[in-house]
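Peer 1: Sharing a structure, written as structure tokens. Questions coming.
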Amino acid sequence: LNMFAADLDLWKNSTLNKIIQSGELRVGMEPGYMPFEMKDKKGNIIGYDVDMARKMAKDMGVKLTLVPTSWDGIIAGLITDKFDIIMSGMTITQERNLQINFANPYIVVGQTVMMDKKLADTIKTAKDLDKPEYTIVTKLGVTGEIATKKFFKKAKIVTFETEADAAAEVLNGKAAAMVYDQPYNVLFMSDKGKDKLVHLDTPLTYEPLGWAIRKGDPDFLNWLNNFLRQAQEDKVVGFSDELYQKWLVE
Ligand code: ARG
């Protein structure tokens with residue numbers, strides 16, 4: 001093998017080499033963010049990220065193991081090697097990027113607002129909701145929480161463990177609005193929100209989503225970025241368009 005000792009060492013210790021040696025790709029995700037990872041009626045985890053993970057494992061020639069993980073422990077889980085990669089609709093933020101590395105973005109989303117329909121006559125934009133009499137809900141520890149705190153200085157903010165609990169609060173009329181990733185809101189609107197909610201769908205933020213890996217792992221990062229490029233651009237072996245049609249176009 002024509003490699004320098006240091007490079008060989010790097011490769012030996014790379015996550016990619018460990019995946020190949022063990023024959024298993026372990027993917028950490030928190031099911032609950034439709035359409036990226038969610039449970040079907042039988043309890044199977046399905047979604048855009050799951051299909052992408054399956055394709056990834058296939059191209060590596062290894063088996064796929066999904067590791068369901070709570071959102072608040074997902075970065076720690078990666079760092080402590082509970083899984084090899086996070087594929088969980090995670091926004092690339094500068095703060096997270098200090099702790100972990102991200103492959104190139106695979107999609108761009110933004111935060112939008114789902115509001116109680118009863119307010120539709122008085123409230124036209126997200127800004128109008130920033131009053132002490134309104135409660136805005138979101139999920140704990142996500143970019144939606146950061147955006148909510150930034151945009152709503154006067155409204156009351158309540159956070160929930162899951163996106164489903166937060167959305168239920170608006171649906172039940174206990175909160176005025178919810179701030180969360182646009183793809184989730186679009187699906188929630190067509191699923192349960194139609195008659196009761198309105199979607200203020202102008203994105204408040206710009207959020208590239210990316211797969212996260214541990215720092216200091218250039219071989220894995222290189223593989224992921226080239227895999228992604230091919231999945232997105234190649235019309236024969238690529239299947240990003242297919243996934244987009246399947247999960248993100250109603
Ligand atoms: N994009 C948002 C963030 O990174 C929400 C992601 C939540 N993902 C999930 N699988 N529950 O904070």
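In the structure tokens, chains take letters A, B, ... by order of appearance, with residues numbered from 1 within each chain and ligands from 1 in the order shown.
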Can you pull out the residues contacting Ile20 of chain A? Cut-off 8 Å, using only C-alpha atoms, and skip same-chain residues under 4 positions away; I want them as a tab-separated table (two decimals) with N, CA, C and O atoms, in the first residue's frame.
Peer 2:
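Saved as out.tsv:
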```tsv
chain	number	residue	atom	x	y	z
A	16	LEU	N	-15.12	5.73	8.61
A	16	LEU	CA	-15.46	4.98	7.41
A	16	LEU	C	-14.81	3.60	7.42
A	16	LEU	O	-15.45	2.58	7.15
A	24	GLU	N	-21.19	-2.55	9.44
A	24	GLU	CA	-22.42	-1.92	9.94
A	24	GLU	C	-22.30	-0.40	9.98
A	24	GLU	O	-21.32	0.14	10.50
A	60	MET	N	-21.91	1.53	0.63
A	60	MET	CA	-20.73	1.13	1.41
A	60	MET	C	-20.59	-0.39	1.46
A	60	MET	O	-19.56	-0.91	1.89
A	61	GLY	N	-21.67	-1.07	1.12
A	61	GLY	CA	-21.67	-2.53	1.18
A	61	GLY	C	-21.80	-3.05	2.60
A	61	GLY	O	-21.25	-4.10	2.94
A	62	VAL	N	-22.52	-2.32	3.44
A	62	VAL	CA	-22.68	-2.75	4.83
A	62	VAL	C	-24.17	-2.73	5.21
A	62	VAL	O	-25.00	-2.22	4.46
```
Peer 1: Could you pull out the alpha helix (DSSP H) residues of segment 63-157 of chain A from DSSP and send them as a count of residues only?
Peer 2: 21
Peer 1: Select, from A:Gly110, A:Pro68, A:Gly144, A:Gly77, the residue with the minimum atom-to-atom distance to Asp201 of chain A, counting only C-alpha atoms.
Peer 2: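 With only C-alpha atoms as the atom set, the closest residue is A:Gly110.
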Peer 1: Write out as a list in words the residues lying within 7 Å of segment 128-137 of chain A, counting only C-alpha atoms and excluding same-chain residues fewer than 6 positions away.
Peer 2: Phe152, Lys153, Lys154, Ala155, Lys156, Ile157, Val158, Thr159, Ala166, Ala175, Ala176, Ala177, Met178 and Val179 of chain A
Peer 1: Could you please take those selected residues and save N, CA, C and O atoms as a compact mmCIF listing (two decimals), in the first residue's frame?
Peer 2:
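Output file again.txt follows:
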```txt
# COMPACT_ATOMS: atom_id res chain seq x y z
N PHE A 152 -39.39 36.80 18.88
CA PHE A 152 -40.50 37.15 19.76
C PHE A 152 -39.97 37.56 21.13
O PHE A 152 -39.65 36.71 21.96
N LYS A 153 -39.87 38.85 21.33
CA LYS A 153 -39.31 39.37 22.58
C LYS A 153 -40.40 39.61 23.61
O LYS A 153 -40.15 39.61 24.81
N LYS A 154 -41.63 39.85 23.16
CA LYS A 154 -42.72 40.20 24.10
C LYS A 154 -43.69 39.04 24.33
O LYS A 154 -44.29 38.95 25.39
N ALA A 155 -43.85 38.19 23.35
CA ALA A 155 -44.81 37.08 23.50
C ALA A 155 -44.29 36.08 24.53
O ALA A 155 -43.10 36.06 24.86
N LYS A 156 -45.22 35.23 25.03
CA LYS A 156 -44.82 34.18 25.96
C LYS A 156 -44.34 32.98 25.14
O LYS A 156 -44.99 32.59 24.18
N ILE A 157 -43.20 32.39 25.54
CA ILE A 157 -42.65 31.26 24.80
C ILE A 157 -42.69 29.99 25.65
O ILE A 157 -42.27 30.01 26.80
N VAL A 158 -43.25 28.92 25.09
CA VAL A 158 -43.29 27.64 25.81
C VAL A 158 -42.67 26.57 24.91
O VAL A 158 -43.02 26.47 23.73
N THR A 159 -41.74 25.77 25.46
CA THR A 159 -41.10 24.73 24.66
C THR A 159 -41.57 23.34 25.06
O THR A 159 -41.89 23.10 26.23
N ALA A 166 -45.97 20.13 20.74
CA ALA A 166 -46.05 21.57 20.49
C ALA A 166 -47.19 21.87 19.52
O ALA A 166 -48.02 22.76 19.76
N ALA A 175 -52.26 27.59 22.53
CA ALA A 175 -51.20 28.52 22.13
C ALA A 175 -51.63 29.20 20.84
O ALA A 175 -52.45 28.67 20.08
N ALA A 176 -51.08 30.39 20.60
CA ALA A 176 -51.45 31.15 19.40
C ALA A 176 -50.75 30.59 18.16
O ALA A 176 -51.34 30.56 17.07
N ALA A 177 -49.51 30.17 18.33
CA ALA A 177 -48.75 29.77 17.16
C ALA A 177 -47.59 28.86 17.51
O ALA A 177 -47.16 28.80 18.67
N MET A 178 -47.08 28.17 16.49
CA MET A 178 -45.91 27.33 16.64
C MET A 178 -44.86 27.74 15.61
O MET A 178 -45.19 28.02 14.47
N VAL A 179 -43.61 27.74 16.05
CA VAL A 179 -42.50 28.00 15.13
C VAL A 179 -41.73 26.70 14.95
O VAL A 179 -41.30 26.09 15.93
```
Peer 1: Can you work out which one of A:Val186, A:Leu200, A:Ile123, A:Met38 has the shortest atom-to-atom distance to ligand 1, counting only C-alpha atoms and all ligand atoms?
Peer 2: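 Under the stated criterion, the closest residue is A:Met38.
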